[in-house]
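J.: Structure file input21.tsv (TSV, C-alpha atoms and all ligand atoms) is given on the next line.
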chain	number	residue	atom	x	y	z
R	1	MET	CA	67.32	-106.13	71.64
R	2	THR	CA	69.58	-104.73	74.37
R	3	THR	CA	68.36	-102.28	76.98
R	4	LYS	CA	70.69	-99.76	75.35
R	5	PHE	CA	68.39	-99.85	72.31
R	6	PRO	CA	64.86	-100.42	73.58
R	7	GLY	CA	63.54	-99.63	70.12
R	8	ALA	CA	60.86	-97.25	68.95
R	9	ALA	CA	57.86	-99.59	69.35
R	10	ARG	CA	56.98	-98.32	72.82
R	11	TYR	CA	56.82	-94.74	71.51
R	12	VAL	CA	54.62	-95.44	68.48
R	13	PRO	CA	51.04	-94.36	69.20
R	14	ASP	CA	48.10	-96.53	68.23
R	15	THR	CA	46.90	-94.29	65.43
R	16	THR	CA	46.99	-93.96	61.66
R	17	ASP	CA	47.16	-90.16	61.98
R	18	LEU	CA	50.55	-89.18	60.58
R	19	ASP	CA	50.63	-85.83	62.39
R	20	ALA	CA	50.00	-87.55	65.72
R	21	MET	CA	52.75	-90.03	64.84
R	22	ALA	CA	55.19	-87.25	64.00
R	23	ALA	CA	54.38	-85.49	67.28
R	24	ALA	CA	55.05	-88.69	69.23
R	25	ALA	CA	58.26	-89.39	67.29
R	26	ALA	CA	59.60	-86.02	68.43
R	27	HIS	CA	59.99	-87.60	71.90
R	28	CYS	CA	61.36	-90.99	70.83
R	29	HIS	CA	64.26	-92.35	72.87
R	30	GLY	CA	64.21	-95.72	71.15
R	31	CYS	CA	67.97	-95.60	70.55
R	32	ASP	CA	70.89	-93.35	71.46
R	33	LEU	CA	70.73	-91.21	68.34
R	34	TYR	CA	68.28	-88.74	69.89
R	35	ARG	CA	70.99	-87.58	72.31
R	36	ASP	CA	73.26	-85.73	69.89
R	37	ALA	CA	70.88	-84.93	67.05
R	38	THR	CA	68.90	-81.68	67.11
R	39	ARG	CA	65.50	-83.18	66.47
R	40	THR	CA	63.52	-86.06	65.02
R	41	VAL	CA	62.96	-85.63	61.29
R	42	PHE	CA	59.76	-87.50	60.52
R	43	GLY	CA	58.35	-88.35	57.11
R	44	GLU	CA	56.31	-85.79	55.20
R	45	GLY	CA	53.79	-85.84	52.40
R	46	PRO	CA	50.11	-86.38	51.69
R	47	ALA	CA	48.31	-89.10	53.66
R	48	ASP	CA	46.87	-90.45	50.38
R	49	ALA	CA	50.25	-90.69	48.61
R	50	ASP	CA	50.50	-93.79	46.35
R	51	THR	CA	54.27	-93.74	46.45
R	52	VAL	CA	56.67	-93.48	49.38
R	53	LEU	CA	60.39	-92.74	49.06
R	54	VAL	CA	62.60	-94.02	51.87
R	55	GLY	CA	66.07	-92.58	52.42
R	56	GLU	CA	68.66	-93.45	55.03
R	57	GLN	CA	68.51	-90.83	57.75
R	58	PRO	CA	68.31	-87.03	57.95
R	59	GLY	CA	71.55	-85.26	57.05
R	60	ASN	CA	73.05	-82.14	58.57
R	61	GLU	CA	70.61	-79.73	56.93
R	62	GLU	CA	67.57	-81.91	57.61
R	63	ASP	CA	68.58	-82.16	61.26
R	64	LEU	CA	68.78	-78.36	61.53
R	65	ASP	CA	65.69	-77.69	59.42
R	66	GLY	CA	63.41	-80.49	60.60
R	67	HIS	CA	62.27	-81.66	57.15
R	68	PRO	CA	63.41	-84.64	55.07
R	69	PHE	CA	65.46	-84.22	51.89
R	70	VAL	CA	66.13	-80.49	52.05
R	71	GLY	CA	69.96	-80.69	51.84
R	72	PRO	CA	72.25	-81.54	48.89
R	73	ALA	CA	70.82	-85.07	48.41
R	74	GLY	CA	67.30	-83.64	48.51
R	75	ARG	CA	68.17	-81.03	45.90
R	76	LEU	CA	69.54	-83.73	43.61
R	77	LEU	CA	66.40	-85.78	44.16
R	78	ASP	CA	64.27	-82.70	43.37
R	79	ARG	CA	66.15	-82.25	40.11
R	80	ALA	CA	65.64	-85.91	39.17
R	81	LEU	CA	61.91	-85.74	39.95
R	82	ALA	CA	61.57	-82.52	37.95
R	83	ASP	CA	63.38	-84.11	34.99
R	84	LEU	CA	60.90	-87.00	35.16
R	85	GLY	CA	57.85	-84.76	35.55
R	86	VAL	CA	57.06	-86.34	38.92
R	87	ASP	CA	55.51	-83.93	41.44
R	88	ARG	CA	57.36	-84.20	44.77
R	89	ASP	CA	54.29	-82.87	46.57
R	90	ARG	CA	52.40	-86.05	45.70
R	91	LEU	CA	55.03	-88.30	47.29
R	92	TYR	CA	55.57	-89.16	50.93
R	93	LEU	CA	59.27	-88.82	51.78
R	94	THR	CA	60.76	-90.46	54.82
R	95	ASN	CA	63.86	-92.20	56.15
R	96	ALA	CA	64.75	-95.59	57.62
R	97	VAL	CA	66.19	-93.79	60.67
R	98	LYS	CA	64.66	-90.58	61.98
R	99	HIS	CA	67.66	-89.01	63.76
R	100	PHE	CA	70.94	-87.77	62.26
R	101	ARG	CA	73.98	-89.85	63.17
R	102	PHE	CA	77.27	-88.00	62.86
R	103	VAL	CA	80.76	-87.48	64.25
R	104	GLU	CA	82.12	-84.02	64.98
R	105	ARG	CA	85.28	-82.92	63.16
R	106	GLY	CA	86.02	-79.44	64.38
R	107	LYS	CA	82.98	-77.40	63.51
R	108	ARG	CA	81.70	-79.89	60.96
R	109	ARG	CA	79.30	-82.73	61.59
R	110	ILE	CA	80.17	-85.67	59.38
R	111	HIS	CA	77.42	-88.12	58.47
R	112	GLN	CA	77.85	-91.68	59.71
R	113	GLN	CA	75.84	-94.58	58.43
R	114	PRO	CA	73.38	-95.86	61.04
R	115	SER	CA	74.14	-99.30	62.46
R	116	ARG	CA	71.87	-102.27	61.85
R	117	THR	CA	70.80	-102.03	65.51
R	118	GLU	CA	69.75	-98.40	65.05
R	119	VAL	CA	67.85	-99.25	61.87
R	120	VAL	CA	66.05	-102.09	63.66
R	121	ALA	CA	65.33	-99.81	66.64
R	122	CYS	CA	63.77	-97.18	64.35
R	123	THR	CA	61.86	-99.49	61.99
R	124	PRO	CA	58.60	-99.37	64.01
R	125	TRP	CA	58.21	-95.75	62.84
R	126	LEU	CA	58.61	-96.69	59.18
R	127	THR	CA	56.25	-99.62	59.63
R	128	ALA	CA	53.68	-97.33	61.26
R	129	GLU	CA	54.01	-94.81	58.42
R	130	LEU	CA	53.51	-97.54	55.80
R	131	ASP	CA	50.56	-99.01	57.72
R	132	ALA	CA	48.92	-95.58	57.76
R	133	LEU	CA	49.71	-94.70	54.15
R	134	THR	CA	49.03	-98.10	52.49
R	135	PRO	CA	51.06	-97.03	49.40
R	136	GLU	CA	51.26	-99.08	46.21
R	137	LEU	CA	54.97	-98.47	45.73
R	138	VAL	CA	57.77	-97.92	48.23
R	139	ILE	CA	61.05	-96.81	46.66
R	140	CYS	CA	64.17	-97.55	48.69
R	141	LEU	CA	66.93	-95.01	48.11
R	142	GLY	CA	70.22	-96.73	48.87
R	143	ALA	CA	71.48	-99.67	50.88
R	144	VAL	CA	70.17	-98.75	54.32
R	145	ALA	CA	66.57	-98.31	53.14
R	146	THR	CA	66.83	-101.42	50.95
R	147	ARG	CA	68.00	-103.56	53.85
R	148	ALA	CA	65.41	-102.02	56.19
R	149	LEU	CA	62.57	-102.93	53.81
R	150	LEU	CA	63.87	-106.10	52.17
R	151	GLY	CA	66.13	-107.65	54.79
R	152	PRO	CA	69.82	-107.52	55.69
R	153	SER	CA	71.05	-109.46	52.65
R	154	ALA	CA	69.23	-107.35	50.02
R	155	LYS	CA	71.70	-105.68	47.64
R	156	VAL	CA	71.13	-102.46	45.72
R	157	THR	CA	73.56	-103.54	43.00
R	158	GLU	CA	71.41	-106.60	42.27
R	159	LEU	CA	68.01	-105.01	42.69
R	160	ARG	CA	68.32	-101.45	41.37
R	161	GLY	CA	65.72	-100.37	38.86
R	162	GLY	CA	63.51	-103.33	39.72
R	163	THR	CA	60.69	-104.08	42.12
R	164	VAL	CA	59.95	-106.82	44.62
R	165	GLU	CA	56.36	-107.77	45.42
R	166	LEU	CA	55.71	-107.64	49.14
R	167	GLU	CA	52.49	-108.55	50.87
R	168	ARG	CA	51.20	-104.98	51.17
R	169	HIS	CA	53.02	-103.13	48.37
R	170	ARG	CA	55.74	-103.28	45.74
R	171	ALA	CA	59.20	-102.24	46.85
R	172	GLY	CA	61.43	-100.56	44.27
R	173	VAL	CA	65.15	-100.08	44.65
R	174	THR	CA	67.67	-97.51	43.49
R	175	VAL	CA	70.80	-95.84	44.83
R	176	HIS	CA	70.86	-93.03	47.35
R	177	PRO	CA	71.01	-89.57	45.73
R	178	SER	CA	74.10	-88.73	47.81
R	179	SER	CA	75.96	-91.56	46.05
R	180	VAL	CA	75.36	-89.69	42.79
R	181	LEU	CA	76.97	-86.59	44.33
R	182	ARG	CA	80.03	-88.67	45.34
R	183	ALA	CA	80.35	-90.65	42.10
R	184	PRO	CA	83.54	-90.18	40.03
R	185	ASP	CA	81.37	-89.72	36.93
R	186	ARG	CA	78.48	-87.71	38.27
R	187	HIS	CA	76.73	-87.33	34.94
R	188	ALA	CA	76.65	-91.07	34.28
R	189	ALA	CA	75.58	-91.79	37.87
R	190	TYR	CA	72.82	-89.19	37.59
R	191	ASP	CA	71.54	-90.65	34.33
R	192	GLU	CA	71.48	-94.14	35.85
R	193	PHE	CA	69.63	-92.87	38.92
R	194	VAL	CA	67.06	-91.08	36.77
R	195	GLY	CA	66.79	-94.20	34.59
R	196	ASP	CA	66.00	-96.34	37.65
R	197	LEU	CA	63.39	-93.84	38.84
R	198	ALA	CA	61.82	-93.70	35.36
R	199	ARG	CA	61.34	-97.48	35.44
R	200	LEU	CA	60.00	-97.42	38.98
R	201	PHE	CA	57.56	-94.56	38.30
R	202	SER	CA	56.72	-96.03	34.87
R	203	VAL	CA	57.44	-92.74	33.13
R	204	PRO	CA	59.67	-92.14	30.10
R	205	ALA	CA	63.32	-91.41	30.87
R	206	PRO	CA	64.21	-87.85	29.84
R	207	GLY	CA	66.55	-87.10	26.91
R	301	LIG	N1	69.57	-88.21	53.03
R	301	LIG	C1	68.59	-89.04	53.41
R	301	LIG	O1	68.71	-90.26	53.32
R	301	LIG	N2	67.51	-88.53	53.88
R	301	LIG	C2	67.30	-87.23	54.00
R	301	LIG	O2	66.25	-86.84	54.48
R	301	LIG	C3	68.33	-86.38	53.58
R	301	LIG	C4	69.47	-86.88	53.11
R	302	LIG	FE1	63.80	-93.15	68.04
R	302	LIG	FE2	64.59	-93.66	65.56
R	302	LIG	FE3	65.45	-91.48	66.78
R	302	LIG	FE4	66.39	-93.84	67.51
R	302	LIG	S1	66.68	-92.84	65.53
R	302	LIG	S2	65.67	-92.20	68.90
R	302	LIG	S3	64.56	-95.13	67.28
R	302	LIG	S4	63.32	-91.90	66.22
Before anything else, please render the file you have as structure tokens.

T.:
Amino acid sequence: MTTKFPGAARYVPDTTDLDAMAAAAAHCHGCDLYRDATRTVFGEGPADADTVLVGEQPGNEEDLDGHPFVGPAGRLLDRALADLGVDRDRLYLTNAVKHFRFVERGKRRIHQQPSRTEVVACTPWLTAELDALTPELVICLGAVATRALLGPSAKVTELRGGTVELERHRAGVTVHPSSVLRAPDRHAAYDEFVGDLARLFSVPAPG
């Protein structure tokens, strides 16, 4: 770890109280991403959630709003959960990286994938969330979350729709909802995403 990225560990309080964690994360300078982003977007959901969904990082709307999965990807995820009859309010939603990484193009802020170093720097927050929540199932949405939870060589294409037994919980894998929005055949990509989630939640696929 370079001094440029001291990592989040020194900012993580010794508590299993998620509100106290979120309050501490608001002041994290574990990597450079805090400089340009508006705010830390911490995970949200009930402390007794059995299932945790892990995305990549907050997007533009999440960065402005302060809550995870409230932008276009979040709306697609909401639709998928509704189609499956899964109540979002019973899930804990978080991200591998808690600050928005972007480049400015004129007035627009364009999402950039976080680097491996940034993911590693931020992982102590995710670890602390999972230690506090002790979920049964952790669903990785996309490559960044999958690599954060299952290691740098884990591949969504090989693992999607399936689970891996870890010491403390099962990890499930599917694509990121934003990849569905970018897919050439959105309908097919959506159906595959919902199919993965149906298997992971052990509920019937709709339709
Ligand atoms: N994409 C993510 O990965 N996480 C969010 O919170 C929003 C969009
Ligand atoms: Fe801290 Fe993570 Fe934000 Fe980096 S991205 S400053 S490690 S909360």

J.: Output the neighbourhood of ligand LIG 302 (chain R) as a count of residues only, that is, all protein and nucleic acid residues with some atom at most 10 Å from the ligand, counting only C-alpha atoms and all ligand atoms.

T.: 46

J.: With all atoms listed in the file counted, collect every polymer residue having an atom within 7 Å of ligand LIG 301 (chain R); state the result as a ChimeraX atom specification.

T.: /R:55-59,62,68-71,73-74,94-95,176,178

J.: May I have the selected residues written with C-alpha atoms, as a PDB file, in the frame of the given file?

T.:
ATOM      1  CA  GLY R  55      66.070 -92.580  52.420  1.00  0.00           C
ATOM      2  CA  GLU R  56      68.660 -93.450  55.030  1.00  0.00           C
ATOM      3  CA  GLN R  57      68.510 -90.830  57.750  1.00  0.00           C
ATOM      4  CA  PRO R  58      68.310 -87.030  57.950  1.00  0.00           C
ATOM      5  CA  GLY R  59      71.550 -85.260  57.050  1.00  0.00           C
ATOM      6  CA  GLU R  62      67.570 -81.910  57.610  1.00  0.00           C
ATOM      7  CA  PRO R  68      63.410 -84.640  55.070  1.00  0.00           C
ATOM      8  CA  PHE R  69      65.460 -84.220  51.890  1.00  0.00           C
ATOM      9  CA  VAL R  70      66.130 -80.490  52.050  1.00  0.00           C
ATOM     10  CA  GLY R  71      69.960 -80.690  51.840  1.00  0.00           C
ATOM     11  CA  ALA R  73      70.820 -85.070  48.410  1.00  0.00           C
ATOM     12  CA  GLY R  74      67.300 -83.640  48.510  1.00  0.00           C
ATOM     13  CA  THR R  94      60.760 -90.460  54.820  1.00  0.00           C
ATOM     14  CA  ASN R  95      63.860 -92.200  56.150  1.00  0.00           C
ATOM     15  CA  HIS R 176      70.860 -93.030  47.350  1.00  0.00           C
ATOM     16  CA  SER R 178      74.100 -88.730  47.810  1.00  0.00           C
TER      17      SER R 178
END

J.: Restricting the calculation to only C-alpha atoms, which member of R:Pro72, R:Gly106, R:Pro46, R:Gly85 is positioned closest to Arg182 of chain R?

T.: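 Of all the options, R:Pro72 lies closest to Arg182 of chain R.
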
J.: Just need the box for segment 78-83 of chain R, edges along x, y and z, holding every atom the file lists for it with 5 Å tacked onto each side, so centre and edge lengths in Å to one decimal, as lines of an AutoDock Vina configuration file.

T.:
center_x = 63.9
center_y = -84.1
center_z = 39.2
size_x = 14.6
size_y = 13.7
size_z = 18.4

J.: When distances are computed from all atoms listed in the file, which of R:Leu77, R:Ala189, R:Ala198, R:Ala205 shows the smallest separation from Pro177 of chain R?

T.: R:Leu77

J.: Measure the distance from atom CA of Ala82 of chain R to atom CA of Ala128 of chain R in Å and round it to one decimal.

T.: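 Separating atom CA of Ala82 of chain R from atom CA of Ala128 of chain R is a distance of 28.7 Å.
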
J.: I'd like the interatomic distance between atom CA of Asp78 of chain R and atom CA of Tyr190 of chain R, to a tenth of an Å.

T.: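 Here the two named atoms are 12.2 Å from each other.
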
J.: So how far away is atom CA of Arg105 of chain R from atom CA of Leu64 of chain R, in Å?

T.: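 Separation between atom CA of Leu64 of chain R and atom CA of Arg105 of chain R: 17.2 Å.
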
J.: Using only C-alpha atoms, which of R:Ile110, R:Val173, R:Leu133, R:Val144 sits nearest Leu197 of chain R?

T.: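 Of the candidates, the smallest distance to Leu197 of chain R is held by R:Val173.
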
J.: I need every residue sitting at most 10 Å from the point (64.4, -89.2, 27.7) (coordinates as in the file, all atoms listed in the file considered), written as a short mmCIF file (atom, residue, chain, number, x, y, z; two decimals) with C-alpha atoms, keeping the file's coordinate frame.

T.:
data_model
loop_
_atom_site.label_atom_id
_atom_site.label_comp_id
_atom_site.auth_asym_id
_atom_site.auth_seq_id
_atom_site.Cartn_x
_atom_site.Cartn_y
_atom_site.Cartn_z
CA ASP R 83 63.38 -84.11 34.99
CA LEU R 84 60.90 -87.00 35.16
CA ASP R 191 71.54 -90.65 34.33
CA VAL R 194 67.06 -91.08 36.77
CA GLY R 195 66.79 -94.20 34.59
CA ALA R 198 61.82 -93.70 35.36
CA VAL R 203 57.44 -92.74 33.13
CA PRO R 204 59.67 -92.14 30.10
CA ALA R 205 63.32 -91.41 30.87
CA PRO R 206 64.21 -87.85 29.84
CA GLY R 207 66.55 -87.10 26.91
#
